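Structure data (CSV, C-alpha atoms) from work03.csv:
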```csv
chain,number,residue,atom,x,y,z
R,46,LYS,CA,7.0,108.7,33.0
R,47,GLU,CA,4.5,106.0,34.2
R,48,SER,CA,4.0,104.7,30.7
R,49,ALA,CA,7.6,103.5,30.4
R,50,PRO,CA,7.2,100.3,32.5
R,51,GLN,CA,4.0,99.5,30.6
R,52,ASP,CA,5.8,99.8,27.3
R,53,ALA,CA,8.5,97.5,28.6
R,54,GLU,CA,6.0,94.9,29.7
R,55,THR,CA,4.3,95.1,26.3
R,56,SER,CA,7.6,94.7,24.5
R,57,SER,CA,8.4,91.7,26.7
R,58,ASP,CA,5.1,90.0,26.0
R,59,GLU,CA,5.6,90.5,22.3
R,60,ASN,CA,9.0,89.0,22.5
R,61,LYS,CA,7.6,86.0,24.3
R,62,GLU,CA,4.9,85.5,21.7
R,63,SER,CA,7.5,85.8,18.9
R,64,ASP,CA,9.7,83.2,20.6
R,65,GLU,CA,6.7,80.9,21.0
R,66,ASN,CA,5.8,81.3,17.3
R,67,LYS,CA,9.3,80.4,16.3
R,68,GLU,CA,9.3,77.3,18.5
R,69,SER,CA,5.9,76.4,17.1
R,70,ARG,CA,7.1,76.8,13.5
R,71,THR,CA,10.3,74.9,14.3
R,72,GLY,CA,8.2,72.1,15.9
R,73,ASN,CA,5.9,71.9,12.9
R,74,ALA,CA,8.9,71.7,10.6
R,75,VAL,CA,10.4,68.9,12.6
R,76,ASP,CA,7.0,67.1,12.6
R,77,GLU,CA,6.8,67.5,8.8
R,78,GLU,CA,10.3,66.1,8.4
R,79,THR,CA,9.6,63.1,10.6
R,80,GLU,CA,6.3,62.4,8.8
R,81,GLN,CA,7.8,62.2,5.4
R,82,PRO,CA,8.0,58.5,4.2
R,83,PRO,CA,11.5,57.1,3.8
R,84,PRO,CA,12.9,57.1,0.2
R,85,GLU,CA,12.4,53.9,-1.7
R,86,PRO,CA,15.5,51.7,-2.1
R,87,GLU,CA,17.1,52.0,-5.5
R,88,LEU,CA,16.4,49.2,-7.9
R,89,VAL,CA,19.5,47.1,-8.3
R,90,LEU,CA,20.1,45.6,-11.8
R,91,PRO,CA,20.4,41.9,-12.0
R,92,GLU,CA,23.8,40.6,-13.0
R,93,LEU,CA,24.4,39.7,-16.7
R,94,TYR,CA,25.0,36.0,-17.4
R,95,ASP,CA,28.7,35.3,-17.4
R,96,SER,CA,29.4,31.8,-18.7
R,97,PRO,CA,32.6,30.0,-17.9
R,98,ARG,CA,34.5,29.2,-21.0
R,99,ALA,CA,35.0,25.5,-21.9
R,100,PRO,CA,36.5,23.8,-25.0
R,101,PRO,CA,34.2,21.7,-27.2
R,102,GLU,CA,33.7,18.3,-25.7
R,103,ASP,CA,35.0,15.2,-27.5
R,104,VAL,CA,32.2,13.6,-29.6
R,105,PRO,CA,32.1,9.8,-29.7
R,106,ALA,CA,31.8,8.2,-33.1
R,107,ILE,CA,28.3,6.9,-32.2
R,108,VAL,CA,27.2,10.5,-31.8
R,109,LEU,CA,28.1,11.4,-35.3
R,110,SER,CA,26.1,8.3,-36.5
R,111,TYR,CA,23.1,9.5,-34.6
R,112,MET,CA,23.5,13.0,-36.1
R,113,LYS,CA,23.5,11.7,-39.6
R,114,ILE,CA,20.3,9.8,-39.0
R,115,ALA,CA,18.7,12.8,-37.3
R,116,ASP,CA,19.7,15.0,-40.3
R,117,ALA,CA,18.2,12.5,-42.7
R,118,TYR,CA,14.9,12.6,-40.8
R,119,MET,CA,14.9,16.4,-40.8
R,120,GLN,CA,15.3,16.5,-44.5
R,121,LYS,CA,12.3,14.3,-44.9
R,122,ALA,CA,10.3,16.5,-42.4
R,123,ASN,CA,10.0,13.5,-40.1
R,124,TYR,CA,10.5,15.7,-37.0
R,125,ARG,CA,9.3,13.3,-34.5
R,126,GLN,CA,11.9,10.6,-35.4
R,127,ALA,CA,14.6,13.3,-35.8
R,128,SER,CA,13.9,14.6,-32.3
R,129,LYS,CA,14.4,11.1,-30.9
R,130,GLN,CA,17.8,10.9,-32.6
R,131,PHE,CA,18.8,14.3,-31.2
R,132,VAL,CA,17.9,13.1,-27.7
R,133,LYS,CA,20.3,10.1,-28.2
R,134,VAL,CA,23.0,12.5,-29.2
R,135,LEU,CA,22.4,14.7,-26.1
R,136,LYS,CA,22.6,11.8,-23.8
R,137,LYS,CA,26.1,11.1,-25.0
R,138,ALA,CA,27.2,14.8,-25.5
R,139,PRO,CA,24.9,17.2,-23.6
R,140,ALA,CA,26.8,20.3,-24.8
R,141,HIS,CA,26.8,19.4,-28.5
R,142,ILE,CA,25.4,22.6,-30.1
R,143,PRO,CA,24.2,21.2,-33.4
R,144,ALA,CA,22.2,18.5,-31.5
R,145,ILE,CA,20.7,21.1,-29.1
R,146,LEU,CA,19.6,23.3,-32.0
R,147,GLY,CA,18.5,20.4,-34.0
R,148,TYR,CA,16.3,19.1,-31.2
R,149,ALA,CA,14.8,22.5,-30.5
R,150,THR,CA,14.1,23.0,-34.2
R,151,ALA,CA,12.5,19.6,-34.5
R,152,LEU,CA,10.2,20.2,-31.6
R,153,GLU,CA,9.3,23.7,-32.9
R,154,ARG,CA,8.4,22.3,-36.3
R,155,LEU,CA,6.2,19.6,-34.7
R,156,GLY,CA,4.0,22.5,-33.7
R,157,GLN,CA,2.9,21.2,-30.2
R,158,PRO,CA,1.5,24.1,-28.2
R,159,LYS,CA,2.1,22.4,-24.9
R,160,LYS,CA,5.9,22.2,-25.7
R,161,ILE,CA,6.5,25.7,-26.7
R,162,CYS,CA,8.0,26.8,-23.4
R,163,GLU,CA,10.0,23.6,-23.1
R,164,THR,CA,11.4,24.2,-26.6
R,165,ALA,CA,12.2,27.8,-25.8
R,166,LEU,CA,14.3,26.6,-22.8
R,167,ILE,CA,16.2,24.2,-25.1
R,168,TYR,CA,17.1,27.2,-27.2
R,169,GLY,CA,18.3,28.7,-23.9
R,170,ASN,CA,20.5,25.6,-23.4
R,171,ALA,CA,22.0,26.3,-26.9
R,172,THR,CA,22.8,29.8,-25.7
R,173,LYS,CA,24.7,28.5,-22.7
R,174,ALA,CA,26.6,26.0,-24.8
R,175,ALA,CA,27.5,28.7,-27.4
R,176,LEU,CA,28.7,31.1,-24.8
R,177,ALA,CA,30.9,28.4,-23.1
R,178,GLN,CA,32.6,28.0,-26.5
R,179,GLY,CA,32.9,31.7,-27.1
R,180,ASP,CA,30.4,32.0,-29.9
R,181,ASP,CA,28.5,35.1,-28.8
R,182,ARG,CA,26.8,35.5,-32.2
R,183,LEU,CA,25.2,32.1,-32.1
R,184,ALA,CA,24.3,32.6,-28.4
R,185,THR,CA,22.5,35.8,-29.3
R,186,VAL,CA,20.5,34.2,-32.2
R,187,ALA,CA,19.5,31.2,-30.0
R,188,LEU,CA,18.4,33.4,-27.0
R,189,ARG,CA,16.4,35.8,-29.2
R,190,ARG,CA,14.7,32.8,-30.8
R,191,ALA,CA,13.9,31.4,-27.4
R,192,VAL,CA,12.3,34.7,-26.3
R,193,VAL,CA,10.2,35.0,-29.5
R,194,LEU,CA,9.0,31.4,-29.2
R,195,ALA,CA,8.1,31.7,-25.5
R,196,SER,CA,6.1,34.8,-26.2
R,197,THR,CA,3.8,32.8,-28.5
R,198,SER,CA,2.6,30.4,-25.7
R,199,ASP,CA,-1.0,30.6,-24.8
R,200,ASN,CA,-0.2,29.5,-21.2
R,201,LYS,CA,0.3,32.9,-19.5
R,202,GLU,CA,1.9,31.5,-16.3
R,203,GLN,CA,4.3,29.2,-18.2
R,204,LYS,CA,5.1,32.0,-20.6
R,205,LEU,CA,6.1,34.4,-17.8
R,206,ASP,CA,8.0,31.8,-15.9
R,207,THR,CA,9.9,30.9,-19.1
R,208,LEU,CA,10.7,34.5,-19.9
R,209,ARG,CA,12.0,35.0,-16.4
R,210,LYS,CA,14.3,32.0,-16.8
R,211,LEU,CA,15.5,33.3,-20.1
R,212,SER,CA,16.3,36.7,-18.5
R,213,GLU,CA,18.8,34.9,-16.4
R,214,LEU,CA,20.8,34.0,-19.5
R,215,ALA,CA,20.9,37.6,-20.8
R,216,PHE,CA,24.6,38.3,-21.3
R,217,THR,CA,24.4,41.8,-22.8
R,218,ALA,CA,22.5,44.9,-21.7
R,219,GLU,CA,20.7,45.1,-25.0
R,220,ILE,CA,19.3,41.5,-24.7
R,221,ALA,CA,18.5,42.0,-21.0
R,222,SER,CA,16.6,45.2,-21.8
R,223,ASP,CA,14.5,43.4,-24.5
R,224,ILE,CA,13.7,40.4,-22.3
R,225,TYR,CA,12.7,42.5,-19.2
R,226,PHE,CA,10.5,44.6,-21.5
R,227,SER,CA,8.8,41.4,-22.6
R,228,VAL,CA,8.4,40.3,-19.0
R,229,GLY,CA,6.8,43.6,-18.0
R,230,SER,CA,4.5,43.5,-21.0
R,231,GLU,CA,3.2,40.1,-20.1
R,232,MET,CA,2.5,41.3,-16.5
R,233,MET,CA,0.6,44.3,-17.7
R,234,GLU,CA,-1.8,42.1,-19.6
R,235,GLY,CA,-3.1,40.9,-16.2
R,236,ASP,CA,-4.7,37.5,-16.1
R,237,GLY,CA,-3.3,37.0,-12.6
R,238,VAL,CA,0.3,36.5,-13.7
R,239,GLY,CA,1.9,39.5,-12.0
R,240,SER,CA,1.0,42.8,-10.4
R,241,GLU,CA,1.2,46.2,-11.9
R,242,GLU,CA,4.0,47.0,-9.5
R,243,ASP,CA,6.0,44.0,-10.7
R,244,ALA,CA,5.4,45.1,-14.3
R,245,MET,CA,6.7,48.6,-13.5
R,246,ASN,CA,9.8,47.1,-11.8
R,247,ALA,CA,10.5,45.0,-15.0
R,248,PHE,CA,10.1,48.1,-17.2
R,249,THR,CA,12.4,50.0,-14.9
R,250,ILE,CA,15.0,47.3,-15.2
R,251,ALA,CA,14.6,47.2,-18.9
R,252,ASN,CA,15.1,51.0,-19.1
R,253,LYS,CA,18.2,50.9,-16.9
R,254,PHE,CA,19.8,48.2,-19.0
R,255,TYR,CA,18.9,50.2,-22.2
R,256,CYS,CA,20.4,53.4,-20.8
R,257,SER,CA,23.5,51.5,-19.6
R,258,GLN,CA,24.3,50.8,-23.3
R,259,ASP,CA,25.0,54.5,-23.9
R,260,ILE,CA,27.2,54.7,-20.8
R,261,ASP,CA,29.2,51.7,-22.0
R,262,ALA,CA,29.5,53.2,-25.4
R,263,ASP,CA,30.7,56.5,-24.0
R,264,ASP,CA,33.3,54.7,-21.8
R,265,THR,CA,34.6,52.8,-24.8
R,266,ALA,CA,34.9,56.0,-26.8
R,267,ALA,CA,36.7,57.7,-24.0
R,268,GLY,CA,39.1,54.8,-23.6
R,269,SER,CA,39.9,54.8,-27.3
```

Once you've parsed the file, please lay out its structure as C-alpha cells.
Amino acid sequence: KESAPQDAETSSDENKESDENKESRTGNAVDEETEQPPPEPELVLPELYDSPRAPPEDVPAIVLSYMKIADAYMQKANYRQASKQFVKVLKKAPAHIPAILGYATALERLGQPKKICETALIYGNATKAALAQGDDRLATVALRRAVVLASTSDNKEQKLDTLRKLSELAFTAEIASDIYFSVGSEMMEGDGVGSEEDAMNAFTIANKFYCSQDIDADDTAAGS
C-alpha cells in the first residue's frame, strides 16, 4: 500500500523527463532549421537580342561609287585601301550591310592582331543590320564569324570583353549557348580575367539556353 505513492512520483518524474527531452529535440530541430543557409537565387537567363525591323536605307549614288572602288581594291588584295573606301561608304550609309562585311573582311585579311577584337565587333554590327532587315541567316553567319575571330585574340581581357558584348547580340538560344560557353571557357583559363564562380555562372547560362532549345522544340511540336 505504501509503494503506490512512490510509483506515482516515479511515473511523474519520468513524464517530466520525457517532456523535457521532447522540448530539447524540438529546440534542436528549430535551431537546425534556422542555421541552414538560405537557398541561392535562381540564375535568370539574359534576354535574347530582339532587333527592331527597319527597311534598307536609301543608298546615295556616291556610295555605289565608293563600293565599286572598294571592290576593285579587294580583288587586287589591297585591303588597306579597300578598308578606307568602305569607311567612306559607312559614313554615308552606316547600315549598308555589304560595306560593313567588306570592311570587316578587309581588316581581317590585313592580319593586324591589335584589331582582331575591333574587327569582331564590326561583324557584330553586320549582325544587327542583317536582323533589322529580317535576314536571320546572314545575321547568324556574321555573329558566328565574330565569335570565332574574337576567340583568336591574344589579349585575354579584350577577348573576354568582346565575347561579352557579342553575347548581347545572341538572338537564338543556340547561339547564346555557344557564346556563353566560350565566355566560361575563357574565364576558366585564369590569367585574372574572371573568377571560377563567374565561369560556372556562364556555363550554367549556356546549359540553360541549350536545354531551352528542347523545350521550344517540344512546344512547337505540340502546337502543330

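Straight-line separation from CA of Leu208 (chain R) to CA of Phe131 (chain R): 24.5 Å.
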
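Among the candidates R:Glu92, R:Glu241, R:Glu102, R:Glu213, the residue lying nearest to Asn170 (chain R) is R:Glu213 (atoms considered: all atoms listed in the file).
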
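Reported to one decimal place, the separation of CA of Val134 (chain R) from CA of Pro105 (chain R) is 9.5 Å.
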
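For the atom pair formed by CA of Ser240 (chain R) and CA of Tyr255 (chain R), the distance is 22.7 Å, given to one decimal.
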
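If you count all atoms listed in the file and ignore residues fewer than 5 places along the chain from region 106-114 of chain R, what sits within 8 Å of it is Ala127, Gln130, Phe131, Lys133, Val134, Lys137, Ala138 and Ala144 of chain R.
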
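Look at Gln157 (chain R): the protein and nucleic acid residues within 12 Å of it, using only C-alpha atoms and passing over chain neighbours fewer than 4 places away, are Tyr124, Arg125, Ala149, Ala151, Leu152, Glu153, Ile161, Cys162, Glu163, Thr164, Leu194, Thr197, Ser198 and Asp199 of chain R.
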
query: Looking at all atoms listed in the file, which of R:Phe216, R:Phe248, R:Phe254, R:Tyr225 is the one that sits closest to Gly169 (chain R)?
result: R:Phe216

message: From (7.9, 43.5, -19.4), in the file's coordinates, out to 9 Å: which residues are reached, counting only C-alpha atoms? Answer as a ChimeraX atom specification.
response: /R:223-233,243-248,251

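With all atoms listed in the file as the atoms that count, the minimum distance from Lys253 (chain R) to the choices R:Ala122, R:Leu88, R:Ala177, R:Val238 is reached by R:Leu88.
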
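Nearest residue to Ala175 (chain R), choosing from R:Lys204, R:His141, R:Lys136, R:Lys121 and counting only C-alpha atoms: R:His141.
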
task: Within 9 Å of Thr150 (chain R), counting only C-alpha atoms, which residues show up once you throw out same-chain ones fewer than 3 positions away? Write them as JSON, numbers by chain, please.
output: {"R": [124, 128, 145, 146, 147, 153, 154, 155, 164, 168]}

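For the set R:Ser196, R:Gln126, R:Thr217, R:Asn252, the residue with the smallest atom-to-atom gap to Ser96 (chain R) is R:Thr217, counting all atoms listed in the file.
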
- request: Compile the contact shell of Asp181 (chain R) as a list in words: residues with an atom at most 12 Å away, counting all atoms listed in the file, same-chain residues fewer than 4 positions apart removed.
  value: Tyr94, Asp95, Ser96, Arg98, Ala171, Thr172, Lys173, Ala174, Ala175, Leu176, Ala177, Thr185, Val186, Ala187, Leu188, Ala215, Phe216, Thr217 and Ile220 of chain R

Reconstruct all heavy atoms of region 167-178 of chain R; output as a PDB file, in the coordinates of the input.
```pdb
ATOM      1  N   ILE R 167      15.108  24.946 -24.388  1.00  0.00           N
ATOM      2  CA  ILE R 167      16.200  24.200 -25.100  1.00  0.00           C
ATOM      3  C   ILE R 167      17.012  25.131 -25.915  1.00  0.00           C
ATOM      4  O   ILE R 167      18.241  25.000 -25.964  1.00  0.00           O
ATOM      5  CB  ILE R 167      15.530  23.078 -25.958  1.00  0.00           C
ATOM      6  CG1 ILE R 167      14.839  22.031 -25.075  1.00  0.00           C
ATOM      7  CG2 ILE R 167      16.607  22.390 -26.806  1.00  0.00           C
ATOM      8  CD1 ILE R 167      14.036  20.991 -25.828  1.00  0.00           C
ATOM      9  N   TYR R 168      16.362  26.110 -26.552  1.00  0.00           N
ATOM     10  CA  TYR R 168      17.100  27.200 -27.200  1.00  0.00           C
ATOM     11  C   TYR R 168      18.028  27.893 -26.226  1.00  0.00           C
ATOM     12  O   TYR R 168      19.156  28.299 -26.534  1.00  0.00           O
ATOM     13  CB  TYR R 168      16.219  28.150 -27.936  1.00  0.00           C
ATOM     14  CG  TYR R 168      15.747  27.713 -29.302  1.00  0.00           C
ATOM     15  CD1 TYR R 168      14.397  27.475 -29.562  1.00  0.00           C
ATOM     16  CD2 TYR R 168      16.645  27.529 -30.354  1.00  0.00           C
ATOM     17  CE1 TYR R 168      13.949  27.075 -30.815  1.00  0.00           C
ATOM     18  CE2 TYR R 168      16.210  27.136 -31.613  1.00  0.00           C
ATOM     19  CZ  TYR R 168      14.857  26.899 -31.831  1.00  0.00           C
ATOM     20  OH  TYR R 168      14.423  26.499 -33.075  1.00  0.00           O
ATOM     21  N   GLY R 169      17.509  28.047 -25.005  1.00  0.00           N
ATOM     22  CA  GLY R 169      18.300  28.700 -23.900  1.00  0.00           C
ATOM     23  C   GLY R 169      19.539  27.814 -23.626  1.00  0.00           C
ATOM     24  O   GLY R 169      20.621  28.358 -23.369  1.00  0.00           O
ATOM     25  N   ASN R 170      19.380  26.494 -23.658  1.00  0.00           N
ATOM     26  CA  ASN R 170      20.500  25.600 -23.400  1.00  0.00           C
ATOM     27  C   ASN R 170      21.585  25.803 -24.545  1.00  0.00           C
ATOM     28  O   ASN R 170      22.796  25.725 -24.288  1.00  0.00           O
ATOM     29  CB  ASN R 170      20.083  24.150 -23.416  1.00  0.00           C
ATOM     30  CG  ASN R 170      19.260  23.819 -22.183  1.00  0.00           C
ATOM     31  OD1 ASN R 170      19.326  24.516 -21.173  1.00  0.00           O
ATOM     32  ND2 ASN R 170      18.466  22.753 -22.262  1.00  0.00           N
ATOM     33  N   ALA R 171      21.098  26.038 -25.757  1.00  0.00           N
ATOM     34  CA  ALA R 171      22.000  26.300 -26.900  1.00  0.00           C
ATOM     35  C   ALA R 171      22.793  27.602 -26.618  1.00  0.00           C
ATOM     36  O   ALA R 171      23.980  27.705 -26.947  1.00  0.00           O
ATOM     37  CB  ALA R 171      21.257  26.385 -28.184  1.00  0.00           C
ATOM     38  N   THR R 172      22.119  28.574 -26.028  1.00  0.00           N
ATOM     39  CA  THR R 172      22.800  29.800 -25.700  1.00  0.00           C
ATOM     40  C   THR R 172      23.933  29.589 -24.708  1.00  0.00           C
ATOM     41  O   THR R 172      25.055  30.090 -24.889  1.00  0.00           O
ATOM     42  CB  THR R 172      21.773  30.812 -25.041  1.00  0.00           C
ATOM     43  OG1 THR R 172      20.775  31.149 -26.011  1.00  0.00           O
ATOM     44  CG2 THR R 172      22.470  32.082 -24.566  1.00  0.00           C
ATOM     45  N   LYS R 173      23.664  28.819 -23.657  1.00  0.00           N
ATOM     46  CA  LYS R 173      24.700  28.500 -22.700  1.00  0.00           C
ATOM     47  C   LYS R 173      25.881  27.785 -23.285  1.00  0.00           C
ATOM     48  O   LYS R 173      27.048  28.100 -23.008  1.00  0.00           O
ATOM     49  CB  LYS R 173      24.107  27.711 -21.509  1.00  0.00           C
ATOM     50  CG  LYS R 173      23.172  28.512 -20.624  1.00  0.00           C
ATOM     51  CD  LYS R 173      22.792  27.767 -19.364  1.00  0.00           C
ATOM     52  CE  LYS R 173      21.770  26.701 -19.634  1.00  0.00           C
ATOM     53  NZ  LYS R 173      21.274  26.091 -18.363  1.00  0.00           N
ATOM     54  N   ALA R 174      25.577  26.804 -24.127  1.00  0.00           N
ATOM     55  CA  ALA R 174      26.600  26.000 -24.800  1.00  0.00           C
ATOM     56  C   ALA R 174      27.472  26.896 -25.703  1.00  0.00           C
ATOM     57  O   ALA R 174      28.703  26.795 -25.756  1.00  0.00           O
ATOM     58  CB  ALA R 174      26.038  24.840 -25.521  1.00  0.00           C
ATOM     59  N   ALA R 175      26.791  27.775 -26.444  1.00  0.00           N
ATOM     60  CA  ALA R 175      27.500  28.700 -27.400  1.00  0.00           C
ATOM     61  C   ALA R 175      28.409  29.647 -26.641  1.00  0.00           C
ATOM     62  O   ALA R 175      29.543  29.897 -27.051  1.00  0.00           O
ATOM     63  CB  ALA R 175      26.506  29.396 -28.260  1.00  0.00           C
ATOM     64  N   LEU R 176      27.910  30.187 -25.543  1.00  0.00           N
ATOM     65  CA  LEU R 176      28.700  31.100 -24.800  1.00  0.00           C
ATOM     66  C   LEU R 176      29.922  30.440 -24.148  1.00  0.00           C
ATOM     67  O   LEU R 176      31.012  31.017 -24.071  1.00  0.00           O
ATOM     68  CB  LEU R 176      27.859  31.757 -23.655  1.00  0.00           C
ATOM     69  CG  LEU R 176      26.828  32.800 -24.108  1.00  0.00           C
ATOM     70  CD1 LEU R 176      25.958  33.223 -22.939  1.00  0.00           C
ATOM     71  CD2 LEU R 176      27.518  34.009 -24.724  1.00  0.00           C
ATOM     72  N   ALA R 177      29.738  29.196 -23.709  1.00  0.00           N
ATOM     73  CA  ALA R 177      30.900  28.400 -23.100  1.00  0.00           C
ATOM     74  C   ALA R 177      31.975  28.245 -24.131  1.00  0.00           C
ATOM     75  O   ALA R 177      33.156  28.177 -23.761  1.00  0.00           O
ATOM     76  CB  ALA R 177      30.355  27.108 -22.595  1.00  0.00           C
ATOM     77  N   GLN R 178      31.592  28.182 -25.408  1.00  0.00           N
ATOM     78  CA  GLN R 178      32.600  28.000 -26.500  1.00  0.00           C
ATOM     79  C   GLN R 178      33.000  29.302 -27.129  1.00  0.00           C
ATOM     80  O   GLN R 178      33.710  29.306 -28.136  1.00  0.00           O
ATOM     81  CB  GLN R 178      32.053  26.996 -27.493  1.00  0.00           C
ATOM     82  CG  GLN R 178      31.807  25.608 -26.912  1.00  0.00           C
ATOM     83  CD  GLN R 178      31.315  24.603 -27.938  1.00  0.00           C
ATOM     84  OE1 GLN R 178      31.559  24.765 -29.142  1.00  0.00           O
ATOM     85  NE2 GLN R 178      30.638  23.558 -27.488  1.00  0.00           N
TER      86      GLN R 178
END
```
